[in-house]
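Notes follow the structure.
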Amino acid sequence: MYDPDRVYYVYILASKSRVLYIGITRHLAVRIAQHKEGTYGAFTNKYKVHRLVCFERFHSPSAAIAREKQLKGWIRAKKVALIERDNPTWDDLAAEWETAGPSTRGPTTAARSG
């Protein structure tokens, strides 16, 4: 059943040396803050993979899971092309986001329009 208030995010993080990590979450801003704080994901913490370079929204958990699996199955060049299509300079899309705790559902309105 479609619920417009339920949003799922598939996201790609990158390190400065462009090591990639692909994940899925319902609370994007909180999850990114956890990655940046080093409290979520041993891989991302070990390799300093903290910059949000790409994300997509879904209203179905099955669609989000399918997309995450699809992206993880792609060769690196295809993942890089996806990132560079919308974020050619690999900027941290979450650099200016604020989190308000576990209830934060994703990027703020300002972050989406910026």
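To be explicit about the labels: the chains of the structure tokens are called A, B, and onward in the order shown, and within each one the residues are counted from 1, while ligands get numbers from 1 in the order they are shown.
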- Message: Using only C-alpha atoms, which protein or nucleic acid residues come within 10 Å of His35 (chain A)? Drop anything in the same chain fewer than 4 positions from it, and give the result as a PyMOL selection string.
- Response: chain A and resi 13+29-31+39-45+48-52
Which polymer residues have any atom within 8 Å of an atom of Ser60 (chain A), counting only C-alpha atoms, with same-chain residues fewer than 3 positions away left out, as an mmCIF file with C-alpha atoms, in the first residue's frame?
```
data_model
loop_
_atom_site.group_PDB
_atom_site.id
_atom_site.type_symbol
_atom_site.label_atom_id
_atom_site.label_comp_id
_atom_site.auth_asym_id
_atom_site.auth_seq_id
_atom_site.Cartn_x
_atom_site.Cartn_y
_atom_site.Cartn_z
ATOM 1 C CA TYR A 2 1.268 3.450 -0.907
ATOM 2 C CA ARG A 6 6.808 6.629 4.289
ATOM 3 C CA VAL A 7 9.987 7.397 2.420
ATOM 4 C CA TYR A 8 12.940 5.100 1.926
ATOM 5 C CA ALA A 63 11.501 -0.815 -4.600
ATOM 6 C CA ALA A 64 14.247 0.685 -2.426
#
```
For Val10 (chain A), work out the shell of residues within 9 Å, counting only C-alpha atoms and skipping chain neighbours fewer than 4 positions away, then give it as an MDAnalysis selection string. chainID A and resid 22:26 28 54:58 64:65 67:68
Between CA of Ala94 (chain A) and CA of Val80 (chain A) - distance in Å to one decimal:
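Value for the CA of Val80 (chain A)-CA of Ala94 (chain A) distance: 18.4 Å.
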Strand (DSSP E or B) positions in chain A, given as a list in words
Tyr8, Tyr9, Val10, Tyr11, Ile12, Leu13, Ala14, Leu20, Tyr21, Ile22, Gly23, Ile24, Thr25, Arg51, Leu52, Val53, Cys54, Phe55, Glu56, Arg57 and Phe58 of chain A
Resulting file, chosen residues, N, CA and C atoms, as a PDB file, in the first residue's frame:
```pdb
ATOM      1  N   TYR A   8      11.747   5.923   1.771  1.00  0.00           N
ATOM      2  CA  TYR A   8      12.940   5.100   1.926  1.00  0.00           C
ATOM      3  C   TYR A   8      14.009   5.689   1.019  1.00  0.00           C
ATOM      4  N   TYR A   9      15.226   5.705   1.493  1.00  0.00           N
ATOM      5  CA  TYR A   9      16.327   6.292   0.742  1.00  0.00           C
ATOM      6  C   TYR A   9      17.387   5.245   0.437  1.00  0.00           C
ATOM      7  N   VAL A  10      17.847   5.244  -0.788  1.00  0.00           N
ATOM      8  CA  VAL A  10      19.045   4.505  -1.174  1.00  0.00           C
ATOM      9  C   VAL A  10      20.098   5.582  -1.370  1.00  0.00           C
ATOM     10  N   TYR A  11      21.247   5.391  -0.744  1.00  0.00           N
ATOM     11  CA  TYR A  11      22.250   6.449  -0.768  1.00  0.00           C
ATOM     12  C   TYR A  11      23.630   5.890  -1.088  1.00  0.00           C
ATOM     13  N   ILE A  12      24.466   6.773  -1.627  1.00  0.00           N
ATOM     14  CA  ILE A  12      25.856   6.424  -1.905  1.00  0.00           C
ATOM     15  C   ILE A  12      26.738   7.416  -1.164  1.00  0.00           C
ATOM     16  N   LEU A  13      27.648   6.872  -0.371  1.00  0.00           N
ATOM     17  CA  LEU A  13      28.650   7.668   0.319  1.00  0.00           C
ATOM     18  C   LEU A  13      29.985   7.470  -0.374  1.00  0.00           C
ATOM     19  N   ALA A  14      30.856   8.450  -0.243  1.00  0.00           N
ATOM     20  CA  ALA A  14      32.206   8.351  -0.813  1.00  0.00           C
ATOM     21  C   ALA A  14      33.213   8.944   0.160  1.00  0.00           C
ATOM     22  N   LEU A  20      33.564   3.840  -2.276  1.00  0.00           N
ATOM     23  CA  LEU A  20      32.109   3.966  -2.277  1.00  0.00           C
ATOM     24  C   LEU A  20      31.442   3.018  -1.296  1.00  0.00           C
ATOM     25  N   TYR A  21      30.296   3.453  -0.792  1.00  0.00           N
ATOM     26  CA  TYR A  21      29.440   2.635   0.077  1.00  0.00           C
ATOM     27  C   TYR A  21      28.005   2.911  -0.330  1.00  0.00           C
ATOM     28  N   ILE A  22      27.199   1.868  -0.457  1.00  0.00           N
ATOM     29  CA  ILE A  22      25.787   2.011  -0.813  1.00  0.00           C
ATOM     30  C   ILE A  22      24.951   1.467   0.332  1.00  0.00           C
ATOM     31  N   GLY A  23      23.950   2.235   0.741  1.00  0.00           N
ATOM     32  CA  GLY A  23      23.094   1.819   1.842  1.00  0.00           C
ATOM     33  C   GLY A  23      21.655   2.212   1.620  1.00  0.00           C
ATOM     34  N   ILE A  24      20.815   1.802   2.565  1.00  0.00           N
ATOM     35  CA  ILE A  24      19.380   2.087   2.518  1.00  0.00           C
ATOM     36  C   ILE A  24      18.935   2.464   3.928  1.00  0.00           C
ATOM     37  N   THR A  25      18.012   3.415   4.011  1.00  0.00           N
ATOM     38  CA  THR A  25      17.510   3.854   5.318  1.00  0.00           C
ATOM     39  C   THR A  25      16.178   4.553   5.157  1.00  0.00           C
ATOM     40  N   ARG A  51      30.962  11.135   2.978  1.00  0.00           N
ATOM     41  CA  ARG A  51      30.359  12.191   2.146  1.00  0.00           C
ATOM     42  C   ARG A  51      29.200  11.619   1.337  1.00  0.00           C
ATOM     43  N   LEU A  52      28.020  12.188   1.506  1.00  0.00           N
ATOM     44  CA  LEU A  52      26.853  11.779   0.735  1.00  0.00           C
ATOM     45  C   LEU A  52      26.983  12.357  -0.664  1.00  0.00           C
ATOM     46  N   VAL A  53      27.124  11.499  -1.676  1.00  0.00           N
ATOM     47  CA  VAL A  53      27.313  11.990  -3.037  1.00  0.00           C
ATOM     48  C   VAL A  53      26.117  11.721  -3.948  1.00  0.00           C
ATOM     49  N   CYS A  54      25.192  10.868  -3.488  1.00  0.00           N
ATOM     50  CA  CYS A  54      24.023  10.541  -4.309  1.00  0.00           C
ATOM     51  C   CYS A  54      22.960   9.919  -3.418  1.00  0.00           C
ATOM     52  N   PHE A  55      21.692  10.240  -3.667  1.00  0.00           N
ATOM     53  CA  PHE A  55      20.606   9.533  -2.995  1.00  0.00           C
ATOM     54  C   PHE A  55      19.348   9.581  -3.841  1.00  0.00           C
ATOM     55  N   GLU A  56      18.500   8.585  -3.629  1.00  0.00           N
ATOM     56  CA  GLU A  56      17.230   8.479  -4.339  1.00  0.00           C
ATOM     57  C   GLU A  56      16.144   8.153  -3.325  1.00  0.00           C
ATOM     58  N   ARG A  57      14.935   8.665  -3.563  1.00  0.00           N
ATOM     59  CA  ARG A  57      13.791   8.444  -2.672  1.00  0.00           C
ATOM     60  C   ARG A  57      12.848   7.400  -3.269  1.00  0.00           C
ATOM     61  N   PHE A  58      12.264   6.601  -2.384  1.00  0.00           N
ATOM     62  CA  PHE A  58      11.282   5.593  -2.783  1.00  0.00           C
ATOM     63  C   PHE A  58      10.151   5.573  -1.757  1.00  0.00           C
TER      64      PHE A  58
END
```
I'd like to know which residues of region 15-109 of chain A are helix (DSSP H, G or I) (by DSSP, run on the backbone); could you write them as an mmCIF file with N, CA and C atoms, in the first residue's frame?
```
data_model
loop_
_atom_site.group_PDB
_atom_site.id
_atom_site.type_symbol
_atom_site.label_atom_id
_atom_site.label_comp_id
_atom_site.auth_asym_id
_atom_site.auth_seq_id
_atom_site.Cartn_x
_atom_site.Cartn_y
_atom_site.Cartn_z
ATOM 1 N N LEU A 28 17.304 9.419 6.454
ATOM 2 C CA LEU A 28 18.555 9.725 5.780
ATOM 3 C C LEU A 28 19.463 10.661 6.582
ATOM 4 N N ALA A 29 18.948 11.761 7.061
ATOM 5 C CA ALA A 29 19.794 12.718 7.781
ATOM 6 C C ALA A 29 20.398 12.095 9.034
ATOM 7 N N VAL A 30 19.611 11.312 9.736
ATOM 8 C CA VAL A 30 20.117 10.650 10.941
ATOM 9 C C VAL A 30 21.199 9.641 10.572
ATOM 10 N N ARG A 31 20.950 8.839 9.541
ATOM 11 C CA ARG A 31 21.932 7.833 9.144
ATOM 12 C C ARG A 31 23.241 8.473 8.683
ATOM 13 N N ILE A 32 23.147 9.559 7.940
ATOM 14 C CA ILE A 32 24.371 10.229 7.487
ATOM 15 C C ILE A 32 25.133 10.779 8.686
ATOM 16 N N ALA A 33 24.419 11.353 9.644
ATOM 17 C CA ALA A 33 25.068 11.848 10.859
ATOM 18 C C ALA A 33 25.765 10.700 11.595
ATOM 19 N N GLN A 34 25.123 9.537 11.644
ATOM 20 C CA GLN A 34 25.736 8.375 12.295
ATOM 21 C C GLN A 34 27.017 7.968 11.577
ATOM 22 N N HIS A 35 26.983 7.945 10.259
ATOM 23 C CA HIS A 35 28.196 7.620 9.502
ATOM 24 C C HIS A 35 29.296 8.640 9.810
ATOM 25 N N LYS A 36 28.951 9.917 9.794
ATOM 26 C CA LYS A 36 29.954 10.965 10.018
ATOM 27 C C LYS A 36 30.528 10.915 11.432
ATOM 28 N N GLU A 37 29.705 10.506 12.403
ATOM 29 C CA GLU A 37 30.151 10.394 13.795
ATOM 30 C C GLU A 37 30.922 9.100 14.040
ATOM 31 N N ALA A 42 31.081 -0.174 10.318
ATOM 32 C CA ALA A 42 32.523 -0.365 10.518
ATOM 33 C C ALA A 42 33.303 -0.031 9.247
ATOM 34 N N PHE A 43 32.778 -0.427 8.088
ATOM 35 C CA PHE A 43 33.456 -0.160 6.819
ATOM 36 C C PHE A 43 33.586 1.342 6.586
ATOM 37 N N THR A 44 32.465 2.057 6.744
ATOM 38 C CA THR A 44 32.493 3.495 6.478
ATOM 39 C C THR A 44 33.383 4.226 7.472
ATOM 40 N N ASN A 45 33.432 3.740 8.692
ATOM 41 C CA ASN A 45 34.295 4.364 9.692
ATOM 42 C C ASN A 45 35.769 4.079 9.390
ATOM 43 N N LYS A 46 36.069 2.826 9.073
ATOM 44 C CA LYS A 46 37.461 2.437 8.798
ATOM 45 C C LYS A 46 38.037 3.198 7.610
ATOM 46 N N PRO A 61 9.277 -0.010 0.291
ATOM 47 C CA PRO A 61 10.512 -0.647 0.763
ATOM 48 C C PRO A 61 11.055 -1.658 -0.235
ATOM 49 N N SER A 62 10.168 -2.368 -0.920
ATOM 50 C CA SER A 62 10.643 -3.358 -1.881
ATOM 51 C C SER A 62 11.343 -2.689 -3.071
ATOM 52 N N ALA A 63 10.845 -1.538 -3.498
ATOM 53 C CA ALA A 63 11.501 -0.815 -4.600
ATOM 54 C C ALA A 63 12.871 -0.302 -4.159
ATOM 55 N N ALA A 64 12.967 0.189 -2.937
ATOM 56 C CA ALA A 64 14.247 0.685 -2.426
ATOM 57 C C ALA A 64 15.253 -0.453 -2.288
ATOM 58 N N ILE A 65 14.823 -1.581 -1.775
ATOM 59 C CA ILE A 65 15.713 -2.736 -1.625
ATOM 60 C C ILE A 65 16.179 -3.228 -2.985
ATOM 61 N N ALA A 66 15.263 -3.271 -3.942
ATOM 62 C CA ALA A 66 15.625 -3.709 -5.295
ATOM 63 C C ALA A 66 16.657 -2.759 -5.912
ATOM 64 N N ARG A 67 16.474 -1.466 -5.697
ATOM 65 C CA ARG A 67 17.427 -0.490 -6.252
ATOM 66 C C ARG A 67 18.794 -0.616 -5.575
ATOM 67 N N GLU A 68 18.799 -0.797 -4.271
ATOM 68 C CA GLU A 68 20.071 -0.968 -3.559
ATOM 69 C C GLU A 68 20.811 -2.185 -4.109
ATOM 70 N N LYS A 69 20.113 -3.288 -4.283
ATOM 71 C CA LYS A 69 20.740 -4.502 -4.827
ATOM 72 C C LYS A 69 21.245 -4.268 -6.245
ATOM 73 N N GLN A 70 20.442 -3.544 -7.035
ATOM 74 C CA GLN A 70 20.849 -3.242 -8.410
ATOM 75 C C GLN A 70 22.148 -2.447 -8.421
ATOM 76 N N LEU A 71 22.197 -1.385 -7.625
ATOM 77 C CA LEU A 71 23.391 -0.535 -7.582
ATOM 78 C C LEU A 71 24.612 -1.319 -7.101
ATOM 79 N N LYS A 72 24.432 -2.149 -6.098
ATOM 80 C CA LYS A 72 25.549 -2.940 -5.581
ATOM 81 C C LYS A 72 26.071 -3.931 -6.622
ATOM 82 N N GLY A 73 25.216 -4.307 -7.565
ATOM 83 C CA GLY A 73 25.613 -5.235 -8.616
ATOM 84 C C GLY A 73 26.302 -4.569 -9.801
ATOM 85 N N ARG A 76 31.932 -0.528 -10.989
ATOM 86 C CA ARG A 76 32.278 0.784 -10.436
ATOM 87 C C ARG A 76 32.048 1.923 -11.425
ATOM 88 N N ALA A 77 32.417 1.734 -12.678
ATOM 89 C CA ALA A 77 32.278 2.799 -13.680
ATOM 90 C C ALA A 77 30.827 3.260 -13.813
ATOM 91 N N LYS A 78 29.900 2.342 -13.710
ATOM 92 C CA LYS A 78 28.489 2.694 -13.822
ATOM 93 C C LYS A 78 28.025 3.479 -12.585
ATOM 94 N N LYS A 79 28.523 3.100 -11.413
ATOM 95 C CA LYS A 79 28.201 3.839 -10.182
ATOM 96 C C LYS A 79 28.760 5.260 -10.261
ATOM 97 N N VAL A 80 29.981 5.384 -10.735
ATOM 98 C CA VAL A 80 30.616 6.701 -10.880
ATOM 99 C C VAL A 80 29.815 7.558 -11.857
ATOM 100 N N ALA A 81 29.373 6.975 -12.954
ATOM 101 C CA ALA A 81 28.572 7.719 -13.937
ATOM 102 C C ALA A 81 27.265 8.209 -13.316
ATOM 103 N N LEU A 82 26.634 7.392 -12.484
ATOM 104 C CA LEU A 82 25.404 7.803 -11.805
ATOM 105 C C LEU A 82 25.682 8.995 -10.887
ATOM 106 N N ILE A 83 26.729 8.914 -10.111
ATOM 107 C CA ILE A 83 27.085 10.017 -9.211
ATOM 108 C C ILE A 83 27.363 11.279 -10.008
ATOM 109 N N GLU A 84 28.176 11.160 -11.029
ATOM 110 C CA GLU A 84 28.611 12.339 -11.784
ATOM 111 C C GLU A 84 27.519 12.950 -12.654
ATOM 112 N N ARG A 85 26.472 12.202 -12.929
ATOM 113 C CA ARG A 85 25.347 12.754 -13.686
ATOM 114 C C ARG A 85 24.723 13.930 -12.939
ATOM 115 N N ASP A 86 24.526 13.800 -11.625
ATOM 116 C CA ASP A 86 23.874 14.853 -10.845
ATOM 117 C C ASP A 86 24.819 15.591 -9.903
ATOM 118 N N THR A 109 14.130 21.040 4.014
ATOM 119 C CA THR A 109 13.665 21.695 2.787
ATOM 120 C C THR A 109 14.785 22.501 2.151
#
```
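Comparing the minimum interatomic distances between His27 (chain A) and each of A:Ile75, A:Asp5, A:Ala95, A:Thr89, counting only C-alpha atoms, we find that A:Asp5 sits nearest.
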